[in-house]
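Colleague: One structure coming up, written as structure tokens, with questions to follow.
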Amino acid sequence: MKTTTYIIIALIAATATFCVQPPDYPEAPELEYIGFNKRTISQGGGVGQSDTLVLRLGFTDGDGNLGFEDATFDVFIMDSRDSSEEVRKLPVIPEQGVGNGISGEIRLRFPNEPGNLCCIFPDFPNQVPCTPAPPELATDSFYYEVFIEDRAGNRSNIIQTETVTLLCR
């Protein structure tokens with residue numbers, strides 16, 4: 001009888017330790033900056049080897065409604081040098097049950113192909129972006145500001161990345 005009591009108590013204790021609470025995230029998505037795969041890369045346009053800058057972001061969303069079925073963009077990326085904005089799409093994340101609270105990681109890829117990741121020098125209008133620069137313009141640097149928007153129109157916080165250095169020669 002004593003052994004049976006200990007077994008029952010042990011099973012109750014083991015069951016209690018494995019209880020899982022569903023996530024309780026806010027309805028608006030939230031982003032967290034994780035980092036870049038590198039902080040220095042050659043500019044695009046045939047200057048140097050083909051390479052890719054990868055930005056990693058963590059996310060949570062309380063109602064799990066990220067990604068649009070249609071052509072609506074939901075990732076907004078602003079370049080610190082000229083405030084230009086690039087837009088992208090998240091894949092549709094299907095609703096996953098009653099709680100729908102989701103979290104994960106977003107990876108944004110920026111290949112240094114011609115026309116991408118170009119050195120920009122506003123003070124030197126004769127220097128064409130994505131062309132080899134003279135020694136005094138050997139590098140350029142930037143950071144991104146990024147936010148996402150869910151299907152209900154809720155916008156996430158804006159994250160700012162670390163600075164990336166572009167090699168312009």
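We label chains A, B, ... in the order they appear in the structure tokens, count residues from 1 in each chain, and number ligands from 1 in the order shown.
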Extract, using only C-alpha atoms, all DNA, RNA and protein residues at most 6 Å from A:Val54, discarding same-chain residues fewer than 2 positions from it, and format them as a ChimeraX atom specification.
Modeller: /A:36-37,108-109
Colleague: Could you pull the residues within 10 Å of A:Tyr143, counting only C-alpha atoms, minus those fewer than 2 positions along the same chain, as a list in words?
Modeller: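 Skipping anything fewer than 2 positions along the chain leaves Ile77, Met78, Asp79, Ser80, Arg81, Ser141, Glu145, Val146, Gln160, Thr161, Glu162, Thr163, Val164 and Thr165 of chain A.
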Colleague: Could you pull the residues within 6 Å of A:Gly45, counting only C-alpha atoms, minus those fewer than 6 positions along the same chain, as a list in words?
Modeller: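 Close residues of A:Gly45: Glu113, Pro114, Gly115 and Cys130 of chain A.
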Colleague: Can you tell me, as a list of chain:residue names, what residues are no more than 7 Å from A:Gly62 when counting only C-alpha atoms, ignoring any on the same chain fewer than 3 positions away?
Modeller: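 Answer for this query is A:Asp24, A:Tyr25, A:Pro26, A:Glu27, A:Ala28, A:Asn100, A:Gly101, A:Ile102.
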Colleague: Give the strand (DSSP E or B) residues of chain A, as assigned by DSSP on the backbone, as an mmCIF file with C-alpha atoms, in the first residue's frame.
Modeller:
data_model
loop_
_atom_site.group_PDB
_atom_site.id
_atom_site.type_symbol
_atom_site.label_atom_id
_atom_site.label_comp_id
_atom_site.auth_asym_id
_atom_site.auth_seq_id
_atom_site.Cartn_x
_atom_site.Cartn_y
_atom_site.Cartn_z
ATOM 1 C CA GLU A 30 6.948 42.199 -31.853
ATOM 2 C CA LEU A 31 10.426 42.038 -33.365
ATOM 3 C CA GLU A 32 13.782 41.399 -31.739
ATOM 4 C CA TYR A 33 17.089 42.018 -33.495
ATOM 5 C CA ILE A 34 19.218 38.856 -33.478
ATOM 6 C CA GLY A 35 22.004 39.937 -35.821
ATOM 7 C CA PHE A 36 23.672 39.807 -39.225
ATOM 8 C CA THR A 40 31.402 43.747 -43.676
ATOM 9 C CA ILE A 41 30.563 42.855 -47.290
ATOM 10 C CA SER A 42 31.624 43.954 -50.775
ATOM 11 C CA THR A 52 24.904 37.497 -49.199
ATOM 12 C CA LEU A 53 24.141 39.528 -46.106
ATOM 13 C CA VAL A 54 21.560 37.765 -43.897
ATOM 14 C CA LEU A 55 19.549 39.654 -41.277
ATOM 15 C CA ARG A 56 18.014 37.519 -38.501
ATOM 16 C CA LEU A 57 15.009 38.780 -36.514
ATOM 17 C CA GLY A 58 13.031 37.064 -33.772
ATOM 18 C CA PHE A 59 9.276 37.614 -33.726
ATOM 19 C CA THR A 60 6.175 36.972 -31.653
ATOM 20 C CA ASP A 61 2.540 37.525 -32.601
ATOM 21 C CA VAL A 75 8.020 43.599 -44.176
ATOM 22 C CA PHE A 76 9.324 47.175 -44.385
ATOM 23 C CA ILE A 77 13.071 47.885 -44.435
ATOM 24 C CA MET A 78 14.483 51.428 -44.371
ATOM 25 C CA ASP A 79 18.095 52.203 -45.339
ATOM 26 C CA GLU A 85 12.345 51.744 -48.232
ATOM 27 C CA GLU A 86 12.429 48.177 -49.484
ATOM 28 C CA VAL A 87 9.352 45.991 -49.010
ATOM 29 C CA ARG A 88 9.108 42.224 -48.813
ATOM 30 C CA ILE A 102 3.378 32.197 -32.397
ATOM 31 C CA SER A 103 7.074 32.958 -32.249
ATOM 32 C CA GLY A 104 9.938 32.270 -34.579
ATOM 33 C CA GLU A 105 12.734 33.711 -36.642
ATOM 34 C CA ILE A 106 12.682 35.731 -39.858
ATOM 35 C CA ARG A 107 15.724 35.685 -42.122
ATOM 36 C CA LEU A 108 16.047 38.426 -44.717
ATOM 37 C CA ARG A 109 18.646 37.867 -47.430
ATOM 38 C CA PHE A 110 20.464 40.708 -49.213
ATOM 39 C CA PRO A 111 22.677 39.318 -52.018
ATOM 40 C CA THR A 139 33.886 52.158 -47.591
ATOM 41 C CA ASP A 140 30.303 53.098 -46.904
ATOM 42 C CA SER A 141 28.173 52.118 -43.922
ATOM 43 C CA PHE A 142 24.497 51.810 -43.123
ATOM 44 C CA TYR A 144 18.428 49.152 -41.373
ATOM 45 C CA GLU A 145 15.230 49.968 -39.523
ATOM 46 C CA VAL A 146 12.660 47.181 -39.901
ATOM 47 C CA PHE A 147 9.049 46.562 -38.930
ATOM 48 C CA ILE A 148 6.364 44.082 -39.966
ATOM 49 C CA GLU A 149 2.589 44.295 -40.227
ATOM 50 C CA ARG A 155 2.403 47.066 -36.828
ATOM 51 C CA ILE A 159 14.059 47.540 -34.702
ATOM 52 C CA GLN A 160 17.373 49.080 -35.673
ATOM 53 C CA VAL A 164 27.186 47.203 -41.776
ATOM 54 C CA THR A 165 30.292 48.299 -43.701
ATOM 55 C CA LEU A 166 30.294 48.068 -47.490
ATOM 56 C CA LEU A 167 33.611 47.716 -49.281
#
Colleague: Please provide the set of residues having any atom within 9 Å of A:Cys168, restricted to only C-alpha atoms, with same-chain residues fewer than 6 positions apart removed, written as a PyMOL selection string.
Modeller: chain A and resi 42-44+47+118-119+130-135+137-140
Colleague: DSSP on the backbone: what in stretch 13-168 of chain A comes out helix (DSSP H, G or I), as a list in words?
Modeller: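 Those in stretch 13-168 of chain A that DSSP calls helix (DSSP H, G or I) are Ala13, Ala14, Thr15, Ala16, Thr17, Pro135, Glu136 and Leu137 of chain A.
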Colleague: Just write the chosen residues, N, CA and C atoms, as a PDB file, in the first residue's frame.
Modeller:
ATOM      1  N   ALA A  13       3.383  14.319  -9.327  1.00  0.00           N
ATOM      2  CA  ALA A  13       4.485  15.286  -9.383  1.00  0.00           C
ATOM      3  C   ALA A  13       5.059  15.369 -10.793  1.00  0.00           C
ATOM      4  N   ALA A  14       5.234  14.224 -11.446  1.00  0.00           N
ATOM      5  CA  ALA A  14       5.783  14.207 -12.807  1.00  0.00           C
ATOM      6  C   ALA A  14       4.831  14.889 -13.770  1.00  0.00           C
ATOM      7  N   THR A  15       3.535  14.653 -13.623  1.00  0.00           N
ATOM      8  CA  THR A  15       2.544  15.279 -14.483  1.00  0.00           C
ATOM      9  C   THR A  15       2.553  16.789 -14.284  1.00  0.00           C
ATOM     10  N   ALA A  16       2.644  17.239 -13.065  1.00  0.00           N
ATOM     11  CA  ALA A  16       2.637  18.669 -12.766  1.00  0.00           C
ATOM     12  C   ALA A  16       3.851  19.366 -13.361  1.00  0.00           C
ATOM     13  N   THR A  17       4.960  18.684 -13.449  1.00  0.00           N
ATOM     14  CA  THR A  17       6.161  19.302 -13.984  1.00  0.00           C
ATOM     15  C   THR A  17       6.090  19.491 -15.489  1.00  0.00           C
ATOM     16  N   PRO A 135      40.049  55.714 -53.772  1.00  0.00           N
ATOM     17  CA  PRO A 135      40.537  55.369 -52.433  1.00  0.00           C
ATOM     18  C   PRO A 135      39.897  56.158 -51.291  1.00  0.00           C
ATOM     19  N   GLU A 136      39.601  57.432 -51.527  1.00  0.00           N
ATOM     20  CA  GLU A 136      39.010  58.225 -50.434  1.00  0.00           C
ATOM     21  C   GLU A 136      37.572  57.822 -50.124  1.00  0.00           C
ATOM     22  N   LEU A 137      36.964  57.010 -50.998  1.00  0.00           N
ATOM     23  CA  LEU A 137      35.602  56.499 -50.774  1.00  0.00           C
ATOM     24  C   LEU A 137      35.629  54.972 -50.700  1.00  0.00           C
TER      25      LEU A 137
END
Colleague: Quick one, how far is atom CA of A:Leu66 from atom CA of A:Leu117?
Modeller: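 A separation of 27.2 Å between them.
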Colleague: Expressed in Å to a single decimal, how great is the separation between atom CA of A:Ser84 and atom CA of A:Arg39?
Modeller: 20.3 Å
Colleague: Pick the closest to A:Asn65 from A:Arg151, A:Arg169, A:Lys89, A:Lys38: which is it, counting only C-alpha atoms?
Modeller: A:Arg151
Colleague: Given the choices A:Asn116, A:Phe124, A:Leu90, A:Pro29, which gets closest to A:Ile158 if the distance is worked out from only C-alpha atoms?
Modeller: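 Distance minimum relative to A:Ile158 lands on A:Pro29.
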